[in-house]
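File shown here: query.txt, holding compact mmCIF, C-alpha atoms.
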# COMPACT_ATOMS: atom_id res chain seq x y z
CA MET A 784 92.98 -147.89 40.07
CA GLU A 785 90.25 -145.67 41.55
CA ARG A 786 90.98 -146.97 45.08
CA ARG A 787 94.72 -146.28 44.75
CA ARG A 788 94.02 -142.76 43.52
CA PHE A 789 91.67 -142.18 46.50
CA ILE A 790 94.30 -143.36 48.99
CA LYS A 791 96.96 -141.18 47.42
CA HIS A 792 94.90 -137.98 47.59
CA ALA A 793 92.88 -138.56 50.76
CA GLY A 794 95.79 -139.37 53.07
CA LEU A 795 95.55 -141.69 56.08
CA ALA A 796 93.02 -139.64 58.01
CA GLY A 797 90.66 -139.62 55.04
CA VAL A 798 91.15 -143.33 54.46
CA LEU A 799 90.36 -144.14 58.08
CA ALA A 800 87.32 -141.90 58.05
CA ALA A 801 86.05 -143.65 54.95
CA GLY A 802 86.56 -147.06 56.50
CA ALA A 803 89.07 -148.20 53.87
CA ALA A 804 92.50 -149.52 54.84
CA PRO A 805 95.45 -149.20 52.44
CA ALA A 806 97.21 -152.34 51.28
CA ILE A 807 100.21 -151.64 53.49
CA VAL A 808 97.97 -151.87 56.57
CA HIS A 809 96.59 -155.21 55.42
CA ALA A 810 100.16 -156.46 55.08
CA GLN A 811 101.00 -155.80 58.72
CA GLN A 812 101.51 -158.73 61.05
CA GLN A 813 98.98 -159.50 63.79
CA ILE A 814 99.58 -157.43 66.94
CA ARG A 815 97.91 -157.90 70.31
CA TRP A 816 98.34 -155.43 73.13
CA ARG A 817 96.88 -155.21 76.64
CA LEU A 818 95.63 -151.91 78.02
CA ALA A 819 95.36 -151.52 81.80
CA SER A 820 92.88 -148.88 82.95
CA SER A 821 92.85 -147.07 86.29
CA PHE A 822 89.05 -147.02 86.14
CA PRO A 823 86.22 -149.54 86.69
CA LYS A 824 83.89 -150.56 83.87
CA THR A 825 80.99 -148.92 85.68
CA LEU A 826 82.42 -145.51 84.74
CA ASP A 827 81.37 -145.77 81.12
CA THR A 828 82.44 -142.22 80.30
CA ILE A 829 86.11 -142.75 81.22
CA TYR A 830 86.51 -146.48 80.76
CA GLY A 831 84.45 -146.15 77.62
CA GLY A 832 87.20 -143.95 76.20
CA SER A 833 89.65 -146.84 76.18
CA GLU A 834 87.03 -149.11 74.61
CA VAL A 835 86.38 -146.62 71.81
CA PHE A 836 90.11 -146.25 71.26
CA ALA A 837 90.64 -150.02 70.99
CA LYS A 838 87.63 -150.40 68.68
CA ASN A 839 88.95 -147.69 66.37
CA VAL A 840 92.38 -149.31 66.15
CA ALA A 841 90.91 -152.72 65.38
CA GLU A 842 88.55 -151.39 62.71
CA ALA A 843 91.23 -149.29 61.02
CA THR A 844 93.53 -152.31 60.73
CA ASP A 845 90.91 -154.89 59.72
CA GLY A 846 91.46 -156.67 63.02
CA LYS A 847 95.22 -156.95 62.56
CA PHE A 848 95.94 -154.76 65.61
CA VAL A 849 93.85 -155.80 68.62
CA ILE A 850 94.02 -154.04 71.98
CA SER A 851 92.22 -155.71 74.88
CA THR A 852 91.05 -153.32 77.62
CA HIS A 853 91.15 -154.28 81.29
CA PRO A 854 89.53 -152.39 84.20
CA ALA A 855 91.36 -151.42 87.35
CA GLY A 856 92.49 -154.43 89.33
CA GLU A 857 92.11 -156.99 86.57
CA LEU A 858 95.75 -156.92 85.48
CA VAL A 859 97.27 -154.45 87.94
CA PRO A 860 95.89 -152.15 90.66
CA ALA A 861 94.46 -148.78 89.64
CA PHE A 862 97.55 -146.94 90.82
CA GLY A 863 100.00 -149.55 89.50
CA VAL A 864 99.48 -148.93 85.80
CA VAL A 865 102.40 -146.56 85.24
CA ASP A 866 104.87 -148.98 86.79
CA ALA A 867 103.39 -151.76 84.67
CA VAL A 868 103.84 -149.78 81.45
CA GLN A 869 107.30 -148.58 82.40
CA GLN A 870 108.42 -152.13 83.09
CA GLY A 871 106.66 -153.57 80.04
CA THR A 872 104.29 -155.74 82.08
CA VAL A 873 101.46 -154.25 80.02
CA ASP A 874 101.74 -152.44 76.70
CA LEU A 875 99.79 -149.32 77.54
CA CYS A 876 97.43 -147.80 80.09
CA HIS A 877 94.64 -145.25 80.41
CA THR A 878 94.93 -143.21 83.56
CA CYS A 879 95.35 -139.81 85.23
CA GLY A 880 98.88 -138.50 85.54
CA TYR A 881 98.19 -136.85 88.87
CA TYR A 882 97.67 -140.22 90.52
CA PHE A 883 101.45 -140.54 90.37
CA PHE A 884 102.48 -137.16 91.75
CA GLY A 885 104.26 -139.07 94.53
CA LYS A 886 106.84 -140.10 91.94
CA ASP A 887 107.14 -136.53 90.67
CA GLU A 888 104.66 -133.68 90.98
CA THR A 889 105.19 -132.96 87.28
CA PHE A 890 102.98 -135.96 86.44
CA ALA A 891 100.01 -133.85 87.56
CA ILE A 892 100.52 -131.24 84.84
CA ASP A 893 99.44 -133.87 82.29
CA THR A 894 96.05 -134.14 84.00
CA ALA A 895 95.13 -131.20 86.24
CA ILE A 896 96.72 -128.87 88.75
CA PRO A 897 94.91 -126.53 91.19
CA PHE A 898 93.62 -123.36 89.54
CA GLY A 899 95.00 -124.55 86.22
CA MET A 900 93.72 -124.66 82.66
CA ASN A 901 90.20 -125.44 81.55
CA SER A 902 89.69 -128.18 78.96
CA ARG A 903 89.93 -126.01 75.86
CA GLN A 904 93.05 -124.31 77.12
CA MET A 905 94.61 -127.67 77.95
CA THR A 906 93.86 -129.10 74.52
CA ALA A 907 95.24 -125.95 72.90
CA TRP A 908 98.45 -126.12 74.96
CA MET A 909 98.92 -129.80 74.21
CA TYR A 910 98.23 -129.69 70.47
CA ASP A 911 99.23 -126.18 69.43
CA GLY A 912 101.45 -125.03 72.28
CA ASN A 913 104.50 -126.64 73.86
CA GLY A 914 102.57 -129.05 76.09
CA MET A 915 103.04 -132.25 74.10
CA LYS A 916 106.73 -131.58 73.44
CA LEU A 917 107.55 -130.77 77.07
CA LEU A 918 105.56 -133.67 78.52
CA ARG A 919 106.99 -136.13 76.00
CA GLU A 920 110.45 -135.20 77.23
CA PHE A 921 109.33 -135.73 80.83
CA PHE A 922 107.64 -139.09 80.21
CA ALA A 923 110.62 -140.41 78.26
CA GLN A 924 112.45 -141.02 81.54
CA TYR A 925 109.65 -143.44 82.47
CA ASN A 926 109.81 -145.30 79.12
CA ILE A 927 106.44 -143.80 78.19
CA VAL A 928 105.02 -142.14 75.07
CA ASN A 929 101.96 -140.12 76.08
CA PHE A 930 98.79 -138.99 74.31
CA PRO A 931 95.80 -137.01 75.60
CA MET A 932 92.75 -139.28 75.67
CA GLY A 933 89.72 -137.63 77.19
CA ASN A 934 88.80 -134.70 79.41
CA THR A 935 86.01 -134.16 81.91
CA GLY A 936 85.92 -130.39 81.63
CA VAL A 937 85.81 -128.47 84.90
CA GLN A 938 84.85 -130.74 87.77
CA MET A 939 82.67 -130.33 90.81
CA GLY A 940 84.07 -129.58 94.24
CA GLY A 941 82.85 -132.76 95.86
CA TRP A 942 80.50 -134.15 98.48
CA TYR A 943 80.55 -133.11 102.16
CA ARG A 944 78.76 -134.35 105.24
CA LYS A 945 78.60 -130.80 106.58
CA GLU A 946 78.50 -127.38 104.94
CA ILE A 947 81.71 -125.48 104.21
CA LYS A 948 81.03 -121.87 105.18
CA THR A 949 84.49 -120.62 106.18
CA VAL A 950 88.13 -121.60 105.79
CA GLY A 951 87.95 -122.88 109.35
CA ASP A 952 85.51 -125.58 108.22
CA VAL A 953 88.26 -127.08 106.06
CA ASN A 954 90.62 -127.48 109.02
CA GLY A 955 90.73 -131.13 110.10
CA LEU A 956 88.53 -132.27 107.19
CA LYS A 957 89.39 -135.79 106.02
CA MET A 958 88.84 -135.74 102.28
CA ARG A 959 89.30 -138.10 99.38
CA ILE A 960 90.95 -136.03 96.67
CA GLY A 961 93.02 -137.13 93.69
CA GLY A 962 96.27 -135.60 92.54
CA PHE A 963 98.06 -133.07 94.62
CA GLY A 964 95.10 -130.77 95.13
CA GLY A 965 95.29 -132.40 98.53
CA ARG A 966 98.67 -130.79 99.11
CA VAL A 967 97.06 -127.39 98.64
CA LEU A 968 94.18 -128.32 100.94
CA ALA A 969 96.71 -129.51 103.52
CA LYS A 970 97.89 -125.91 103.87
CA LEU A 971 94.34 -125.12 104.98
CA GLY A 972 94.41 -127.94 107.55
CA ALA A 973 92.65 -130.69 105.58
CA VAL A 974 93.81 -134.32 105.60
CA ALA A 975 93.90 -135.60 102.03
CA GLN A 976 93.53 -139.25 101.05
CA ASN A 977 93.84 -140.80 97.58
CA ILE A 978 91.21 -143.55 97.33
CA PRO A 979 90.25 -145.43 94.12
CA ALA A 980 86.77 -144.79 92.71
CA GLY A 981 85.37 -148.15 93.79
CA GLU A 982 86.16 -147.51 97.46
CA ILE A 983 84.91 -143.94 97.87
CA TYR A 984 81.28 -144.72 98.74
CA THR A 985 82.20 -147.17 101.48
CA ALA A 986 84.74 -144.78 103.01
CA LEU A 987 82.13 -142.02 103.17
CA GLU A 988 79.46 -144.34 104.49
CA LYS A 989 81.67 -145.64 107.28
CA GLY A 990 82.91 -142.18 108.21
CA THR A 991 86.51 -142.99 107.36
CA ILE A 992 86.43 -139.70 105.44
CA ASP A 993 84.30 -136.57 105.82
CA ALA A 994 84.19 -135.56 102.18
CA ALA A 995 85.11 -136.78 98.73
CA GLU A 996 85.49 -135.37 95.28
CA TRP A 997 85.20 -137.53 92.21
CA ILE A 998 84.34 -135.93 88.87
CA GLY A 999 80.94 -134.40 88.20
CA PRO A 1000 77.19 -135.10 88.16
CA TYR A 1001 77.08 -138.02 85.71
CA ASP A 1002 79.80 -140.13 87.33
CA ASP A 1003 78.96 -138.98 90.86
CA LEU A 1004 75.35 -140.10 90.38
CA ARG A 1005 76.55 -143.55 89.36
CA LEU A 1006 78.67 -143.80 92.52
CA GLY A 1007 75.72 -142.70 94.67
CA LEU A 1008 77.81 -140.35 96.80
CA HIS A 1009 74.84 -138.04 97.47
CA LYS A 1010 73.28 -140.75 99.61
CA VAL A 1011 76.01 -140.51 102.23
CA ALA A 1012 77.19 -136.88 101.93
CA PRO A 1013 74.44 -134.51 100.71
CA HIS A 1014 76.30 -131.19 100.34
CA TYR A 1015 77.54 -130.80 96.76
CA TYR A 1016 80.02 -127.98 96.13
CA TYR A 1017 81.34 -126.26 93.01
CA PRO A 1018 83.61 -125.45 91.28
CA GLY A 1019 86.37 -128.03 91.64
CA TRP A 1020 89.18 -125.46 91.68
CA TRP A 1021 91.77 -128.23 91.80
CA GLU A 1022 90.54 -129.54 88.43
CA GLY A 1023 89.59 -126.81 86.00
CA ALA A 1024 89.98 -129.61 83.46
CA THR A 1025 90.94 -133.23 83.96
CA GLN A 1026 92.80 -134.68 81.02
CA PHE A 1027 93.15 -138.45 80.89
CA GLY A 1028 96.32 -139.90 79.44
CA LEU A 1029 97.10 -142.82 77.17
CA TYR A 1030 100.58 -144.00 78.18
CA ILE A 1031 102.35 -146.44 75.85
CA ASN A 1032 105.55 -148.35 76.57
CA ASP A 1033 108.16 -146.70 74.36
CA LYS A 1034 109.61 -149.97 73.04
CA GLN A 1035 106.17 -151.11 71.98
CA TRP A 1036 105.46 -147.75 70.38
CA ASN A 1037 108.74 -147.78 68.47
CA SER A 1038 108.03 -151.33 67.25
CA LEU A 1039 104.98 -150.09 65.35
CA SER A 1040 105.10 -149.12 61.70
CA LYS A 1041 104.51 -145.47 60.83
CA GLU A 1042 101.07 -146.45 59.55
CA TYR A 1043 100.09 -148.09 62.82
CA GLN A 1044 101.48 -145.17 64.82
CA ALA A 1045 99.29 -142.85 62.77
CA ILE A 1046 96.27 -145.04 63.45
CA VAL A 1047 96.97 -144.98 67.20
CA ARG A 1048 97.28 -141.18 67.15
CA GLN A 1049 93.99 -140.80 65.30
CA ALA A 1050 92.20 -143.31 67.52
CA ALA A 1051 93.40 -141.55 70.69
CA SER A 1052 92.29 -138.16 69.33
CA ASP A 1053 88.85 -139.52 68.50
CA ALA A 1054 88.48 -140.97 72.00
CA HIS A 1055 89.70 -137.67 73.45
CA VAL A 1056 86.84 -135.79 71.79
CA MET A 1057 84.27 -138.48 72.58
CA VAL A 1058 84.97 -138.55 76.34
CA GLN A 1059 84.38 -134.84 76.83
CA ALA A 1060 81.36 -134.90 74.52
CA ARG A 1061 79.79 -137.53 76.77
CA TYR A 1062 80.40 -135.44 79.87
CA ASP A 1063 79.06 -132.26 78.29
CA ALA A 1064 75.98 -134.12 77.07
CA ARG A 1065 75.19 -136.04 80.25
CA ASN A 1066 76.12 -133.83 83.21
CA SER A 1067 73.14 -131.49 83.05
CA GLY A 1068 70.55 -134.26 83.23
CA ALA A 1069 72.47 -136.01 86.00
CA LEU A 1070 72.62 -132.80 88.05
CA LYS A 1071 68.84 -132.50 87.87
CA GLN A 1072 68.52 -136.08 89.10
CA LEU A 1073 70.92 -135.49 91.98
CA ILE A 1074 69.03 -132.43 93.16
CA GLY A 1075 65.78 -134.33 92.80
CA GLN A 1076 67.20 -137.05 95.04
CA GLY A 1077 68.18 -134.63 97.81
CA ALA A 1078 71.60 -133.27 96.86
CA LYS A 1079 72.14 -129.74 98.18
CA LEU A 1080 74.04 -127.56 95.72
CA HIS A 1081 76.47 -124.95 97.08
CA ARG A 1082 79.07 -122.63 95.62
CA PHE A 1083 82.35 -122.45 97.53
CA PRO A 1084 82.53 -119.20 99.53
CA ARG A 1085 84.91 -116.62 98.05
CA GLU A 1086 86.88 -116.73 101.30
CA VAL A 1087 87.63 -120.42 100.77
CA MET A 1088 88.53 -119.93 97.10
CA ASP A 1089 90.90 -117.07 97.88
CA ALA A 1090 92.62 -119.00 100.66
CA ALA A 1091 93.03 -122.01 98.39
CA PHE A 1092 94.47 -119.86 95.58
CA LYS A 1093 97.00 -118.34 97.97
CA ALA A 1094 97.97 -121.83 99.18
CA ARG A 1095 98.29 -122.98 95.55
CA ASN A 1096 100.78 -120.21 94.84
CA GLU A 1097 102.83 -121.23 97.87
CA VAL A 1098 102.95 -124.87 96.74
CA TYR A 1099 104.02 -123.93 93.21
CA ALA A 1100 106.74 -121.59 94.51
CA GLU A 1101 108.10 -124.46 96.63
CA LEU A 1102 108.14 -126.77 93.60
CA MET A 1103 109.98 -124.21 91.49
CA ASP A 1104 112.74 -124.28 94.09
CA LYS A 1105 113.13 -128.04 94.41
CA ASN A 1106 111.76 -129.84 91.31
CA ALA A 1107 113.79 -129.45 88.12
CA ALA A 1108 111.16 -131.05 85.85
CA TRP A 1109 108.42 -128.82 87.25
CA LYS A 1110 110.65 -125.77 86.83
CA LYS A 1111 111.14 -126.68 83.17
CA ILE A 1112 107.48 -127.22 82.28
CA TYR A 1113 105.33 -125.13 84.62
CA PRO A 1114 106.48 -121.65 83.49
CA ASP A 1115 105.39 -122.45 79.92
CA TYR A 1116 102.08 -123.83 81.21
CA GLN A 1117 101.49 -120.71 83.34
CA ARG A 1118 102.42 -118.34 80.49
CA PHE A 1119 99.97 -120.08 78.14
CA LEU A 1120 97.23 -119.97 80.80
CA SER A 1121 97.77 -116.26 81.47
CA GLU A 1122 97.71 -115.34 77.79
CA SER A 1123 94.60 -117.45 77.20
CA TYR A 1124 92.65 -115.49 79.78
CA GLN A 1125 93.38 -112.32 77.83
CA TRP A 1126 91.04 -113.77 75.19
CA GLN A 1127 88.59 -116.32 76.59
CA PRO A 1128 86.52 -113.98 78.81
CA VAL A 1129 86.20 -111.42 76.01
CA ALA A 1130 83.91 -113.25 73.62
CA GLU A 1131 83.03 -116.74 74.76
CA GLY A 1132 82.97 -115.96 78.47
CA SER A 1133 80.66 -112.97 78.05
CA TYR A 1134 78.48 -114.90 75.61
CA ASP A 1135 78.07 -117.85 78.01
CA GLN A 1136 77.31 -115.49 80.89
CA TYR A 1137 74.56 -113.79 78.91
CA MET A 1138 73.06 -117.01 77.57
CA ALA A 1139 72.98 -118.62 81.03
CA ALA A 1140 70.77 -115.76 82.23
CA GLN A 1141 68.20 -116.22 79.48
CA LYS A 1142 65.06 -118.35 79.47
CA LEU A 1143 65.79 -120.96 76.84
Would it be possible to restate this file's structure as C-alpha cells?
Amino acid sequence: MERRRFIKHAGLAGVLAAGAAPAIVHAQQQIRWRLASSFPKTLDTIYGGSEVFAKNVAEATDGKFVISTHPAGELVPAFGVVDAVQQGTVDLCHTCGYYFFGKDETFAIDTAIPFGMNSRQMTAWMYDGNGMKLLREFFAQYNIVNFPMGNTGVQMGGWYRKEIKTVGDVNGLKMRIGGFGGRVLAKLGAVAQNIPAGEIYTALEKGTIDAAEWIGPYDDLRLGLHKVAPHYYYPGWWEGATQFGLYINDKQWNSLSKEYQAIVRQAASDAHVMVQARYDARNSGALKQLIGQGAKLHRFPREVMDAAFKARNEVYAELMDKNAAWKKIYPDYQRFLSESYQWQPVAEGSYDQYMAAQKL
C-alpha cells in the first residue's frame, strides 16, 4: 500500500530517481535495441553519453529494455548512422546533426552553426523555446524522433601547423572541420574536409591537411593533435556550442509504451547534463597539460573573426533564398539568440569577466 501511494504522488521522474519501477514497467515485454554511435570508444566524454543513457534505461526497466551501444564503424560508418536509423537498420544513433548538412543544411541547426548559440542558449531554445518543436517537424521527414543528448560547450578553434595572423593566412588552408563551418571558411579561401575523429591525427601527421579542429582540450589531448600541429587557437566560432543528438527511428519510438517513452526522455536528459558536466570539469586540467607539452595558445585575430562573421552572414542569406526548411527554422533560432544576448552579458557575462581576473 505504501509503495502504491509513493508511485501515485511521486510521478515517474520521482520513481526513477528513487530506483523503484512501477508494476506497469515490470509488465513490459523484453525489448532490445541497437544504438550506433558516430564516435569511437576512446572519446569517453561523448561515447560515454550513450553508455550512460543505455545504463539508465536498463536500470529504470529492471533490465526489460536493453540498448546495446556500438562505436563508429562497428555496425555502420560514423557518417552512415542517420541513413541506418532512417531505414531501420539500427534502432537509434548518437551523433552530430551537422555531419549530415550535405543532405540538408538544416541538420546543422540541431548541433552547431557558425556564430550561433552557446550551450545554455541552445538548451533553453530546445526545451523552453520553439527548438524541439521545429526540429521534430524537420526530422520527421527522415523517420527520426530527436532528443538533445550532450553538449561540449563552446569549442576551441583547432590545431594549426603555422600561425594564423591575418585573413590571408586562411587562404589555401586545408582544414579538417565538421559541419558547414567549412562552407564559411571556404569564402575566406580555405579548403574544408570532413574527416572522422579516428583519422585526424594521421591526416595531420602526413600533411594531407594543414589544420584540424576537433572539440576542446580534454578530447584533443586524447587524440594527441598537439604533437603534429602545435598552434592552438580559440574560440571555435563555428561551434559556440555543440549539441549531440539522439536520433530514434520513428516506428521504434511509436512502438514503445508511454512509460518507456518517458524513461527514454529522462535517460536522454540525464546523459545530456552529464556530457557537458564532464567537459566543464575536465577541460581546464587538460589545457594545462597541453600547454605543458608544448601547445602554443593563440586567440584568433579580430580581423579573422570579423571576416568570418561577414562570410557567415552571406552563407545564411543564401540559405534563406534556397532552403525552405532553413527558412522555416533559422529565423526563430536567430530571434532567440538575439534576445538572449540582451540578458546574458548583463549579469552572468560581467560576473564571469570579473571572476576570471581575480586570483582564486
Segment 1093-1107 of chain A environment, 9 Å, only C-alpha atoms, sequence neighbours closer than 4 positions dropped, as a PDB file with C-alpha atoms, in the coordinates of the input:
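Everything below was put into selection29.pdb:
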ATOM      1  CA  ASP A 887     107.140-136.530  90.670  1.00  0.00           C
ATOM      2  CA  GLU A 888     104.660-133.680  90.980  1.00  0.00           C
ATOM      3  CA  THR A 889     105.190-132.960  87.280  1.00  0.00           C
ATOM      4  CA  PRO A 897      94.910-126.530  91.190  1.00  0.00           C
ATOM      5  CA  PHE A 898      93.620-123.360  89.540  1.00  0.00           C
ATOM      6  CA  GLY A 964      95.100-130.770  95.130  1.00  0.00           C
ATOM      7  CA  ARG A 966      98.670-130.790  99.110  1.00  0.00           C
ATOM      8  CA  VAL A 967      97.060-127.390  98.640  1.00  0.00           C
ATOM      9  CA  LEU A 968      94.180-128.320 100.940  1.00  0.00           C
ATOM     10  CA  ALA A 969      96.710-129.510 103.520  1.00  0.00           C
ATOM     11  CA  LYS A 970      97.890-125.910 103.870  1.00  0.00           C
ATOM     12  CA  LEU A 971      94.340-125.120 104.980  1.00  0.00           C
ATOM     13  CA  MET A1088      88.530-119.930  97.100  1.00  0.00           C
ATOM     14  CA  ASP A1089      90.900-117.070  97.880  1.00  0.00           C
ATOM     15  CA  LYS A1111     111.140-126.680  83.170  1.00  0.00           C
ATOM     16  CA  ILE A1112     107.480-127.220  82.280  1.00  0.00           C
ATOM     17  CA  TYR A1113     105.330-125.130  84.620  1.00  0.00           C
TER      18      TYR A1113
END
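Taking atom CA of Arg1061 of chain A as the reference point, atom CA of Gly936 of chain A is found at 10.6 Å.
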Task: Between atom CA of Tyr1043 of chain A and atom CA of Ala923 of chain A - distance in Å to one decimal - done: 20.2 Å
- [ ] Can you work out the spacing between atom CA of Thr844 of chain A and atom CA of Val1047 of chain A in Å, to one decimal?
- [x] 10.4 Å
TODO: Please identify all polymer residues lying at most 10 Å from the point (86.9, -146.5, 78.3) (file coordinates), using all atoms listed in the file, and present the result as a PyMOL selection string.
DONE: chain A and resi 820-837+852-854+877+932-933+1054+1058
- [ ] List the neighbours of Gly962 of chain A out to 9 Å using all atoms listed in the file; skip same-chain residues closer than 6 positions along the sequence, and give me the result as a list in words.
- [x] Cys879, Gly880, Tyr881, Tyr882, Phe883, Phe884, Gly885, Glu888, Ala891, Thr894, Ala895, Ile896, Asn977 and Trp1021 of chain A
Could you take the residues named above and write them with C-alpha atoms, as a JSON list (two decimals), in the frame of the given file?
[["chain", "number", "residue", "atom", "x", "y", "z"],
["A", 879, "CYS", "CA", 95.35, -139.81, 85.23],
["A", 880, "GLY", "CA", 98.88, -138.50, 85.54],
["A", 881, "TYR", "CA", 98.19, -136.85, 88.87],
["A", 882, "TYR", "CA", 97.67, -140.22, 90.52],
["A", 883, "PHE", "CA", 101.45, -140.54, 90.37],
["A", 884, "PHE", "CA", 102.48, -137.16, 91.75],
["A", 885, "GLY", "CA", 104.26, -139.07, 94.53],
["A", 888, "GLU", "CA", 104.66, -133.68, 90.98],
["A", 891, "ALA", "CA", 100.01, -133.85, 87.56],
["A", 894, "THR", "CA", 96.05, -134.14, 84.00],
["A", 895, "ALA", "CA", 95.13, -131.20, 86.24],
["A", 896, "ILE", "CA", 96.72, -128.87, 88.75],
["A", 977, "ASN", "CA", 93.84, -140.80, 97.58],
["A", 1021, "TRP", "CA", 91.77, -128.23, 91.80]]
Excluding same-chain residues fewer than 2 positions from Val953 of chain A, what lies within 10 Å of it counting only C-alpha atoms, as a short mmCIF file (atom, residue, chain, number, x, y, z; two decimals) with C-alpha atoms, in the coordinates of the input?
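The new file around35.cif reads:
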data_model
loop_
_atom_site.label_atom_id
_atom_site.label_comp_id
_atom_site.auth_asym_id
_atom_site.auth_seq_id
_atom_site.Cartn_x
_atom_site.Cartn_y
_atom_site.Cartn_z
CA GLU A 946 78.50 -127.38 104.94
CA ILE A 947 81.71 -125.48 104.21
CA LYS A 948 81.03 -121.87 105.18
CA THR A 949 84.49 -120.62 106.18
CA VAL A 950 88.13 -121.60 105.79
CA GLY A 951 87.95 -122.88 109.35
CA GLY A 955 90.73 -131.13 110.10
CA LEU A 956 88.53 -132.27 107.19
CA LYS A 957 89.39 -135.79 106.02
CA MET A 958 88.84 -135.74 102.28
CA LEU A 968 94.18 -128.32 100.94
CA ALA A 969 96.71 -129.51 103.52
CA LYS A 970 97.89 -125.91 103.87
CA LEU A 971 94.34 -125.12 104.98
CA GLY A 972 94.41 -127.94 107.55
CA ALA A 973 92.65 -130.69 105.58
CA VAL A 974 93.81 -134.32 105.60
CA VAL A 1087 87.63 -120.42 100.77
#
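Nearest residue to Tyr943 of chain A among A:Ala1050, A:Leu1008, A:Ala1108, A:Ala1140 is A:Leu1008, counting all atoms listed in the file.
Each of A:Ile1031, A:Ala980, A:Val1056, A:Ile850 was checked against Thr872 of chain A using only C-alpha atoms; the smallest atom-to-atom distance is that of A:Ile1031.
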TODO: For each of A:Lys945, A:Thr935, A:Asp1002, A:Ala994, take the minimum atom-to-atom distance to Asn901 of chain A, counting all atoms listed in the file, then give the residue where this is smallest.
DONE: A:Thr935
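Ranking A:Val928, A:Ala995, A:Leu1029, A:Leu1006 by their shortest atom-to-atom distance to Ala819 of chain A, with all atoms listed in the file included, puts A:Leu1029 first.
Distance check against Asp874 of chain A using only C-alpha atoms: of A:Asp911, A:Met939, A:Ser851, A:Gln1141, the minimum falls on A:Ser851.
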Give me the residues near Ile1074 of chain A as a compact mmCIF listing (two decimals) with C-alpha atoms, in the coordinates of the input, where near means some atom within 10 Å (using only C-alpha atoms) and where sequence neighbours in that chain fewer than 3 positions away do not count.
# COMPACT_ATOMS: atom_id res chain seq x y z
CA PRO A 1000 77.19 -135.10 88.16
CA HIS A 1009 74.84 -138.04 97.47
CA PRO A 1013 74.44 -134.51 100.71
CA TYR A 1015 77.54 -130.80 96.76
CA ALA A 1069 72.47 -136.01 86.00
CA LEU A 1070 72.62 -132.80 88.05
CA LYS A 1071 68.84 -132.50 87.87
CA GLY A 1077 68.18 -134.63 97.81
CA ALA A 1078 71.60 -133.27 96.86
CA LYS A 1079 72.14 -129.74 98.18
CA LEU A 1080 74.04 -127.56 95.72
Open item on the list: Taking all atoms listed in the file into account, name the residue in A:Lys1010, A:Lys886, A:Lys989, A:Arg1005 that is nearest to Tyr925 of chain A.
Closed with: A:Lys886
Centre, x/y/z edge lengths, axis-aligned box for segment 1010-1022 of chain A with 3 Å per side, as JSON:
{"center_x": 82.5, "center_y": -133.1, "center_z": 95.3, "size_x": 24.5, "size_y": 21.3, "size_z": 19.8}
With N, CA, C and O atoms as the goal, would you fill in the gaps in segment 1119-1129 of chain A and present it as a PDB file, in the frame of the given file?
ATOM      1  N   PHE A1119     101.057-119.775  79.072  1.00  0.00           N
ATOM      2  CA  PHE A1119      99.970-120.080  78.140  1.00  0.00           C
ATOM      3  C   PHE A1119      98.622-119.797  78.803  1.00  0.00           C
ATOM      4  O   PHE A1119      97.718-119.231  78.183  1.00  0.00           O
ATOM      5  N   LEU A1120      98.484-120.186  80.063  1.00  0.00           N
ATOM      6  CA  LEU A1120      97.230-119.970  80.800  1.00  0.00           C
ATOM      7  C   LEU A1120      96.942-118.475  80.930  1.00  0.00           C
ATOM      8  O   LEU A1120      95.812-118.022  80.694  1.00  0.00           O
ATOM      9  N   SER A1121      97.949-117.695  81.293  1.00  0.00           N
ATOM     10  CA  SER A1121      97.770-116.260  81.470  1.00  0.00           C
ATOM     11  C   SER A1121      97.368-115.588  80.170  1.00  0.00           C
ATOM     12  O   SER A1121      96.435-114.755  80.139  1.00  0.00           O
ATOM     13  N   GLU A1122      98.029-115.937  79.080  1.00  0.00           N
ATOM     14  CA  GLU A1122      97.710-115.340  77.790  1.00  0.00           C
ATOM     15  C   GLU A1122      96.321-115.751  77.305  1.00  0.00           C
ATOM     16  O   GLU A1122      95.607-114.954  76.689  1.00  0.00           O
ATOM     17  N   SER A1123      95.920-116.978  77.617  1.00  0.00           N
ATOM     18  CA  SER A1123      94.600-117.450  77.200  1.00  0.00           C
ATOM     19  C   SER A1123      93.496-116.638  77.846  1.00  0.00           C
ATOM     20  O   SER A1123      92.473-116.339  77.209  1.00  0.00           O
ATOM     21  N   TYR A1124      93.683-116.251  79.101  1.00  0.00           N
ATOM     22  CA  TYR A1124      92.650-115.490  79.780  1.00  0.00           C
ATOM     23  C   TYR A1124      92.590-114.030  79.339  1.00  0.00           C
ATOM     24  O   TYR A1124      91.710-113.280  79.767  1.00  0.00           O
ATOM     25  N   GLN A1125      93.495-113.628  78.457  1.00  0.00           N
ATOM     26  CA  GLN A1125      93.380-112.320  77.830  1.00  0.00           C
ATOM     27  C   GLN A1125      92.370-112.358  76.690  1.00  0.00           C
ATOM     28  O   GLN A1125      91.931-111.329  76.187  1.00  0.00           O
ATOM     29  N   TRP A1126      92.002-113.605  76.283  1.00  0.00           N
ATOM     30  CA  TRP A1126      91.040-113.770  75.190  1.00  0.00           C
ATOM     31  C   TRP A1126      89.738-114.416  75.626  1.00  0.00           C
ATOM     32  O   TRP A1126      88.654-113.904  75.329  1.00  0.00           O
ATOM     33  N   GLN A1127      89.797-115.535  76.341  1.00  0.00           N
ATOM     34  CA  GLN A1127      88.590-116.320  76.590  1.00  0.00           C
ATOM     35  C   GLN A1127      87.431-115.554  77.225  1.00  0.00           C
ATOM     36  O   GLN A1127      86.280-115.720  76.823  1.00  0.00           O
ATOM     37  N   PRO A1128      87.665-114.690  78.218  1.00  0.00           N
ATOM     38  CA  PRO A1128      86.520-113.980  78.810  1.00  0.00           C
ATOM     39  C   PRO A1128      85.906-112.937  77.884  1.00  0.00           C
ATOM     40  O   PRO A1128      84.760-112.523  78.083  1.00  0.00           O
ATOM     41  N   VAL A1129      86.653-112.511  76.859  1.00  0.00           N
ATOM     42  CA  VAL A1129      86.200-111.420  76.010  1.00  0.00           C
ATOM     43  C   VAL A1129      84.950-111.812  75.219  1.00  0.00           C
ATOM     44  O   VAL A1129      83.918-111.149  75.285  1.00  0.00           O
TER      45      VAL A1129
END
